[in-house]
Amino acid sequence: IDFMASNHDVSYILNDCKPEVIFTSNDKIDDLNIILESLDYQPIVLNFNTLQFENKTTEDQWQNPKNNEATAAIIYTSGTTGSPKGVMLSFTNLLANLNCVIVDASIYNANREVLIFLPLHHIFPLIGTMAAPLHVNATIVITPSMQNSDLMETLKNNKAAIMIGVPRLYELMYKGIKAKIDVSFVGRMLFRFVSTTNARGLAKKIFAKVHEGLGGYMEIMVAGGAALPKHVGHFFYTLGFNIVEGYGMTESAPMITFTRPDNIKPGSPGQKVSHLDVEIRDGEIVAKGSGIMQGYYNKPDETSEVIKDGWLHTGDLGYFDKKGFLFITGRKKEIIVLSNGKNINPVEIETKLEKNSEYIAEAAVLLHKEVLHVVIVPDYNKLASSEVKDIEEFFKSEVIQPHNENESSYKRILQFTITKNEIPRTRLGKIQRFKLDELLSSSDRKKANSEDPKSDEYKTIKVFIEDQANTSISADDHLEFDIALDSLGKLNLIDFIDRSFGVKINQEELLNFPSVRKLVEFVTNNKLRHSIENINWNAIIKEKVSLNLPKAWITQPIFKNLSKFFFKIFFRFKGRGISNIPEGPCIIAPNHQSFFDGMFVASLLQSKTMRKTFFYAKKKHINNAFLRFFARKNNIIVMDINRDLKESIQKLAEVLRMGKNIIIFPEGTRTKDGTLGDFKQMFAILSKELNVPVVPVAINGAFKALPTGKKFPRFFTPVTVDFLKPVYPENQSYDAITEKVKSDIQEVI
């Protein structure tokens with residue numbers, strides 16, 4: 001039984017099939033004691049944590065079943081409809097499936113270690129990650145938790161060659177790995193080459209780091225439980241993994257079709273298994289043979305609805321191609337029928353939306369109030385890195401509208417809802433569509449109706465965030481879009497959680513939590529301790545960090561002077577106060593009005609000062625080979641502040657310790673309306689902790705010359721750059737330094 005099942009569901013299952021013995025553990029014993037009170041019989045309860053085992057001198061003998069037609073297991077499945085049914089599977093059913101993957105497909109052998117990743121109350125992982133490897137004397141590898149760090153450590157310390165996962169797992173892996181490949185032009189070209197030429201052996205060598213990241217022994221990835229998107233399957237296949245799919249259901253124990261590793265077709269869950277006859281009747285997949293269940297326990301009427309004349313009616317729609325490969329097109333019950341009689345397959349639209357927009361983490365389509373409606377779970381990390389502010393407007397104009405332009409009129413999305421809740425799914429990843437209306441209703445409720453958690457962890461984290469953001473928060477707020485926690489505030493929170501609870505989270509992971517509530521749940525489930533500690537910036541900045549400064553070309557002064565000449569001609573450009581830059585290291589802090597601001601400031605620096613002055617640029621802006629080359633030759637340090645702001649600050653500190661200057665735009669981004677934005681504290685922290693002065697720089701006229709969103713400047717617009725008197729940290733607080741620099745600039749502009 002699923003350890004995450006509600007007490008109500010567990011009570012129903014136990015009363016339905018009345019097992020004589022129940023195994024449990026300390027973690028679930030309190031729940032079980034409550035459940036036992038609702039049972040109409042008295043089972044024997046054995047607690048793993050308190051069981052005492054006697055030392056045995058004789059070897060165990062395997063007891064083969066006397067009758068293979070006897071019931072071997074009852075697997076309860078609520079599936080996507082919500083009605084729990086006990087699927088009775090015989091030893092014959094299970095053995096037919098074992099032979100399918102061991103003999104027919106030749107996937108398992110004694111030398112291939114198998115990773116257990118999915119819960120064993122489902123027949124798919126029960127057969128694939130426990131029964132099959134034990135049947136061939138293979139080693140089973142178990143990760144201590146579902147955390148990414150535990151999984152990676154488990155893979156590194158073992159030789160797992162087979163892993164079984166649901167499509168959502170492979171989609172997440174795909175997004176992470178593809179993002180790293182796409183970072184470089186060379187990576188994209190190499191992937192395109194091996195994909196076009198099908199050079200999978202070469203791909204293993206070129207992308208060896210991907211294989212090493214999965215332990216270095218991974219051969220076969222098995223996907224099941226739901227349809228694997230074709231592009232995801234093709235991606236892993238191209239990288240040199242044998243990614244095989246299976247199609248089936250609990251009622252077929254579970255295989256109906258399966259992919260043989262030497263005959264893979266991405267997008268298809270393979271060809272029919274040898275122990276079943278499989279046909280397509282009126283578009284529906286039906287199957288008959290030794291793998292089909294005995295029936296639903298205590299539910300003869302429900303059994304007769306799906307098994308007719310020995311044929312299992314799956315409810316899934318699909319077709320076979322000429323070579324016998326199956327393709328799933330949807331669920332019979334999930335087809336949406338519009339008022340005009342048109343049929344809509346929601347899976348088709350969901351797949352298109354998720355494939356075409358990197359900003360969608362999940363999508364679910366339904367008919368709501370007689371119109372086609374999509375519920376969207378955004379990828380908050382992508383939205384944050386793209387500096388999206390108005391999520392509703394962004395999805396309307398950048399996602400839904402482009403999608404509708406390429407769709408038939410009756411397939412167009414007319415309404416959408418952004419939600420922070422996860423799309424309701426079975427444990428194997430299938431959408432539970434009967435819960436989507438409920439999800440929409442919960443998304444429509446106001447925050448005031450949601451109750452804050454009572455846990456100490458929530459109270460501790462809430463107080464800290466409210467102090468950082470200087471505003472009150474609710475449990476369902478998102479750190480970026482509701483609370484507007486800036487980069488520094490996020491880093492403070494990450495460090496606070498690490499110090500207080502012993503839980504390590506990077507900034508990318510932080511933004512993936514849809515709400516404070518989900519963040520607190522993660523911290524509560526993974527905490528090592530609970531003690532409140534303040535942030536020690538001095539200690540953070542003192543940590544050693546590796547840094548290779550870019551070396552400017554000898555042509556840099558020429559480029560600088562040409563820029564200055566250009567600005568003077570086309571912008572009536574003037575600079576004042578350059579003598580305010582001190583001799584030693586300093587932080588130059590300009591306001592940010594236009595794309596040219598960095599060059600406006602740099603063009604006025606003396607060549608001697610310019611040689612020891614460094615800019616920092618966000619990695620997302622240096623996104624091609626030319627810009628990366630330009631950065632290396634022009635004193636530009638590229639940093640991925642969305643992924644690791646802490647390391648970025650440490651690198652900037654190292655530059656200052658080396659006696660150099662750094663140019664930081666305290667606003668972090670260009671002004672949208674010409675007014676001065678909020679100043680982030682990063683420059684003030686560096687100034688105070690390293691006792692380095694800050695030179696405020698007031699840029700005037702640049703917004704009018706080249707406002708945000710414009711591609712061509714307004715020539716002959718007056719632009720002035722004023723280097724103001726330095727602000728020394730002395731005994732001032734971070735806030736005081738920040739406010740002083742901002743007010744000095746504000747006074748001039």
# chains A, B, ... in the order shown; residues from 1 in each chain; ligands from 1
>>> residues_around(residues="Glu69 of chain A", least_positions_apart="2", cutoff="10 Å", atoms="only C-alpha atoms", output="mmCIF file with N, CA and C atoms, in the first residue's frame")
data_model
loop_
_atom_site.group_PDB
_atom_site.id
_atom_site.type_symbol
_atom_site.label_atom_id
_atom_site.label_comp_id
_atom_site.auth_asym_id
_atom_site.auth_seq_id
_atom_site.Cartn_x
_atom_site.Cartn_y
_atom_site.Cartn_z
ATOM 1 N N PRO A 65 5.098 -21.748 -5.842
ATOM 2 C CA PRO A 65 3.643 -21.865 -5.689
ATOM 3 C C PRO A 65 3.161 -23.221 -6.215
ATOM 4 N N LYS A 66 2.213 -23.803 -5.507
ATOM 5 C CA LYS A 66 1.685 -25.098 -5.932
ATOM 6 C C LYS A 66 0.753 -24.942 -7.137
ATOM 7 N N ASN A 67 0.163 -23.769 -7.238
ATOM 8 C CA ASN A 67 -0.782 -23.523 -8.329
ATOM 9 C C ASN A 67 -0.504 -22.145 -8.921
ATOM 10 N N THR A 71 -3.971 -16.517 -6.916
ATOM 11 C CA THR A 71 -3.686 -15.083 -6.831
ATOM 12 C C THR A 71 -2.362 -14.861 -6.111
ATOM 13 N N ALA A 72 -1.459 -14.146 -6.764
ATOM 14 C CA ALA A 72 -0.145 -13.859 -6.184
ATOM 15 C C ALA A 72 -0.125 -12.494 -5.505
ATOM 16 N N LEU A 89 -3.792 -10.420 -9.495
ATOM 17 C CA LEU A 89 -2.810 -10.940 -10.452
ATOM 18 C C LEU A 89 -2.340 -12.313 -9.991
ATOM 19 N N SER A 90 -2.325 -13.259 -10.925
ATOM 20 C CA SER A 90 -1.898 -14.629 -10.608
ATOM 21 C C SER A 90 -0.399 -14.775 -10.802
ATOM 22 N N PHE A 91 0.157 -15.885 -10.323
ATOM 23 C CA PHE A 91 1.578 -16.182 -10.567
ATOM 24 C C PHE A 91 1.837 -16.298 -12.069
ATOM 25 N N THR A 92 0.870 -16.830 -12.797
ATOM 26 C CA THR A 92 1.002 -16.928 -14.264
ATOM 27 C C THR A 92 1.143 -15.540 -14.884
ATOM 28 N N ASN A 93 0.308 -14.594 -14.425
ATOM 29 C CA ASN A 93 0.391 -13.212 -14.923
ATOM 30 C C ASN A 93 1.796 -12.641 -14.718
ATOM 31 N N GLN A 294 -6.959 -11.586 -13.212
ATOM 32 C CA GLN A 294 -8.087 -12.466 -12.911
ATOM 33 C C GLN A 294 -9.383 -11.671 -12.756
#
>>> residues_around(residues="segment 411-421 of chain A", least_positions_apart="4", cutoff="6 Å", atoms="only C-alpha atoms", output="list in words")
Leu372, His373, Val374, Val375, Ile376, Val377, Asn404 and Pro514 of chain A
>>> select_by_dssp(residues="segment 96-267 of chain A", states="alpha helix (DSSP H)", output="PDB file with C-alpha atoms, in the first residue's frame")
ATOM      1  CA  ALA A  96       4.548 -14.026 -18.229  1.00  0.00           C
ATOM      2  CA  ASN A  97       5.779 -10.478 -17.663  1.00  0.00           C
ATOM      3  CA  LEU A  98       9.085 -11.620 -16.175  1.00  0.00           C
ATOM      4  CA  ASN A  99       9.754 -13.749 -19.237  1.00  0.00           C
ATOM      5  CA  ILE A 123       3.087  -3.340 -10.510  1.00  0.00           C
ATOM      6  CA  PHE A 124       5.426  -1.631 -13.003  1.00  0.00           C
ATOM      7  CA  PRO A 125       8.325  -1.021 -10.544  1.00  0.00           C
ATOM      8  CA  ALA A 132      13.028  -9.184 -12.353  1.00  0.00           C
ATOM      9  CA  PRO A 133      16.507  -8.467 -10.895  1.00  0.00           C
ATOM     10  CA  LEU A 134      15.965 -10.963  -8.055  1.00  0.00           C
ATOM     11  CA  HIS A 135      14.833 -13.527 -10.633  1.00  0.00           C
ATOM     12  CA  ASN A 148      18.767  14.796  -6.241  1.00  0.00           C
ATOM     13  CA  SER A 149      21.940  14.785  -4.103  1.00  0.00           C
ATOM     14  CA  ASP A 150      21.130  11.329  -2.689  1.00  0.00           C
ATOM     15  CA  LEU A 151      20.317   9.960  -6.135  1.00  0.00           C
ATOM     16  CA  MET A 152      23.569  11.285  -7.634  1.00  0.00           C
ATOM     17  CA  GLU A 153      25.581   9.915  -4.691  1.00  0.00           C
ATOM     18  CA  THR A 154      23.914   6.502  -5.049  1.00  0.00           C
ATOM     19  CA  LEU A 155      24.677   6.363  -8.771  1.00  0.00           C
ATOM     20  CA  LYS A 156      28.275   7.441  -8.161  1.00  0.00           C
ATOM     21  CA  ASN A 157      28.906   4.776  -5.514  1.00  0.00           C
ATOM     22  CA  PRO A 167       8.173  10.282 -18.089  1.00  0.00           C
ATOM     23  CA  ARG A 168       8.143  13.290 -15.740  1.00  0.00           C
ATOM     24  CA  LEU A 169      11.489  12.157 -14.308  1.00  0.00           C
ATOM     25  CA  TYR A 170      13.046  11.892 -17.763  1.00  0.00           C
ATOM     26  CA  GLU A 171      11.530  15.233 -18.781  1.00  0.00           C
ATOM     27  CA  LEU A 172      13.190  16.929 -15.788  1.00  0.00           C
ATOM     28  CA  MET A 173      16.497  15.228 -16.577  1.00  0.00           C
ATOM     29  CA  TYR A 174      16.115  16.236 -20.229  1.00  0.00           C
ATOM     30  CA  LYS A 175      15.568  19.905 -19.371  1.00  0.00           C
ATOM     31  CA  GLY A 176      18.581  20.002 -17.035  1.00  0.00           C
ATOM     32  CA  ILE A 177      21.004  18.218 -19.373  1.00  0.00           C
ATOM     33  CA  LYS A 178      19.809  20.003 -22.528  1.00  0.00           C
ATOM     34  CA  ALA A 179      20.208  23.401 -20.852  1.00  0.00           C
ATOM     35  CA  LYS A 180      23.872  22.615 -20.161  1.00  0.00           C
ATOM     36  CA  ILE A 181      24.454  21.441 -23.744  1.00  0.00           C
ATOM     37  CA  ASP A 182      22.692  24.491 -25.181  1.00  0.00           C
ATOM     38  CA  PHE A 185      27.460  26.897 -29.586  1.00  0.00           C
ATOM     39  CA  VAL A 186      29.870  23.959 -29.854  1.00  0.00           C
ATOM     40  CA  GLY A 187      27.649  21.818 -27.633  1.00  0.00           C
ATOM     41  CA  ARG A 188      24.586  22.538 -29.756  1.00  0.00           C
ATOM     42  CA  MET A 189      26.439  21.804 -32.998  1.00  0.00           C
ATOM     43  CA  LEU A 190      27.913  18.540 -31.679  1.00  0.00           C
ATOM     44  CA  PHE A 191      24.517  17.349 -30.487  1.00  0.00           C
ATOM     45  CA  ARG A 192      22.972  18.237 -33.850  1.00  0.00           C
ATOM     46  CA  PHE A 193      25.745  16.331 -35.616  1.00  0.00           C
ATOM     47  CA  VAL A 194      25.419  13.098 -33.600  1.00  0.00           C
ATOM     48  CA  SER A 195      21.615  13.350 -33.867  1.00  0.00           C
ATOM     49  CA  THR A 196      21.687  13.745 -37.669  1.00  0.00           C
ATOM     50  CA  THR A 197      24.304  11.028 -38.225  1.00  0.00           C
ATOM     51  CA  ARG A 200      25.551   7.151 -30.766  1.00  0.00           C
ATOM     52  CA  GLY A 201      28.967   5.635 -30.037  1.00  0.00           C
ATOM     53  CA  LEU A 202      30.602   8.994 -30.720  1.00  0.00           C
ATOM     54  CA  ALA A 203      27.937  10.726 -28.617  1.00  0.00           C
ATOM     55  CA  LYS A 204      28.951   8.611 -25.596  1.00  0.00           C
ATOM     56  CA  LYS A 205      32.498   9.964 -25.894  1.00  0.00           C
ATOM     57  CA  ILE A 206      31.561  13.575 -26.670  1.00  0.00           C
ATOM     58  CA  ALA A 208      30.903  11.527 -21.460  1.00  0.00           C
ATOM     59  CA  LYS A 209      30.127  13.928 -18.603  1.00  0.00           C
ATOM     60  CA  VAL A 210      26.416  13.186 -18.968  1.00  0.00           C
ATOM     61  CA  HIS A 211      27.108   9.451 -18.624  1.00  0.00           C
ATOM     62  CA  GLU A 212      29.495  10.046 -15.719  1.00  0.00           C
ATOM     63  CA  GLY A 213      26.812  12.139 -14.021  1.00  0.00           C
ATOM     64  CA  LYS A 230       9.037  11.719 -28.463  1.00  0.00           C
ATOM     65  CA  HIS A 231      11.639  14.509 -28.262  1.00  0.00           C
ATOM     66  CA  VAL A 232      12.684  13.369 -24.776  1.00  0.00           C
ATOM     67  CA  GLY A 233      13.128   9.769 -25.890  1.00  0.00           C
ATOM     68  CA  HIS A 234      15.060  10.841 -28.993  1.00  0.00           C
ATOM     69  CA  PHE A 235      17.313  13.069 -26.867  1.00  0.00           C
ATOM     70  CA  PHE A 236      18.489  10.271 -24.553  1.00  0.00           C
ATOM     71  CA  TYR A 237      18.724   7.809 -27.427  1.00  0.00           C
ATOM     72  CA  THR A 238      20.988  10.262 -29.277  1.00  0.00           C
TER      73      THR A 238
END
>>> select_by_dssp(residues="segment 374-533 of chain A", states="strand (DSSP E or B)", output="ChimeraX atom specification")
/A:374-378,415-418,425,431
>>> residues_around(residues="segment 745-749 of chain A", least_positions_apart="4", cutoff="9 Å", atoms="only C-alpha atoms", output="ChimeraX atom specification")
/A:590-591,676,696-701,722,724,740-741
>>> closest_residue(among="A:Val503, A:Ala363, A:Leu511, A:Leu228", to="Arg529 of chain A", atoms="only C-alpha atoms")
A:Val503
>>> closest_residue(among="A:Thr717, A:Asn506, A:Asn242, A:Asn561", to="Lys490 of chain A", atoms="only C-alpha atoms")
A:Asn506
>>> closest_atom_pairs(of="segment 382-463 of chain A", to="segment 515-523 of chain A", cutoff="10 Å", atoms="only C-alpha atoms", output="tab-separated table")
residue	atom	partner	partner_atom	distance
A:Lys420	CA	A:Ser515	CA	6.8
A:Asn421	CA	A:Ser515	CA	8.7
A:Asp452	CA	A:Arg517	CA	8.1
A:Pro453	CA	A:Arg517	CA	7.6
A:Ser455	CA	A:Val520	CA	9.0
A:Asp456	CA	A:Val520	CA	9.9
A:Glu457	CA	A:Val520	CA	6.6
A:Tyr458	CA	A:Val520	CA	5.8
A:Lys459	CA	A:Val520	CA	9.5
A:Thr460	CA	A:Val520	CA	9.7
A:Ile461	CA	A:Val520	CA	7.5
A:Lys462	CA	A:Val516	CA	8.2
>>> atom_distance(atom1="atom CA of Glu284 of chain A", atom2="atom CA of His403 of chain A")
28.8 Å
>>> residues_around(residues="Tyr12 of chain A", least_positions_apart="4", cutoff="9 Å", atoms="only C-alpha atoms", output="PyMOL selection string")
chain A and resi 7-8+16-17+39+84
>>> closest_residue(among="A:Val222, A:Ile497, A:Met610, A:Ile636", to="Leu549 of chain A", atoms="only C-alpha atoms")
A:Ile636
>>> atom_distance(atom1="atom CA of Gly677 of chain A", atom2="atom CA of Tyr728 of chain A")
22.3 Å
>>> closest_residue(among="A:Pro254, A:Gly240, A:Gly318, A:Gly86", to="Val101 of chain A", atoms="only C-alpha atoms")
A:Pro254
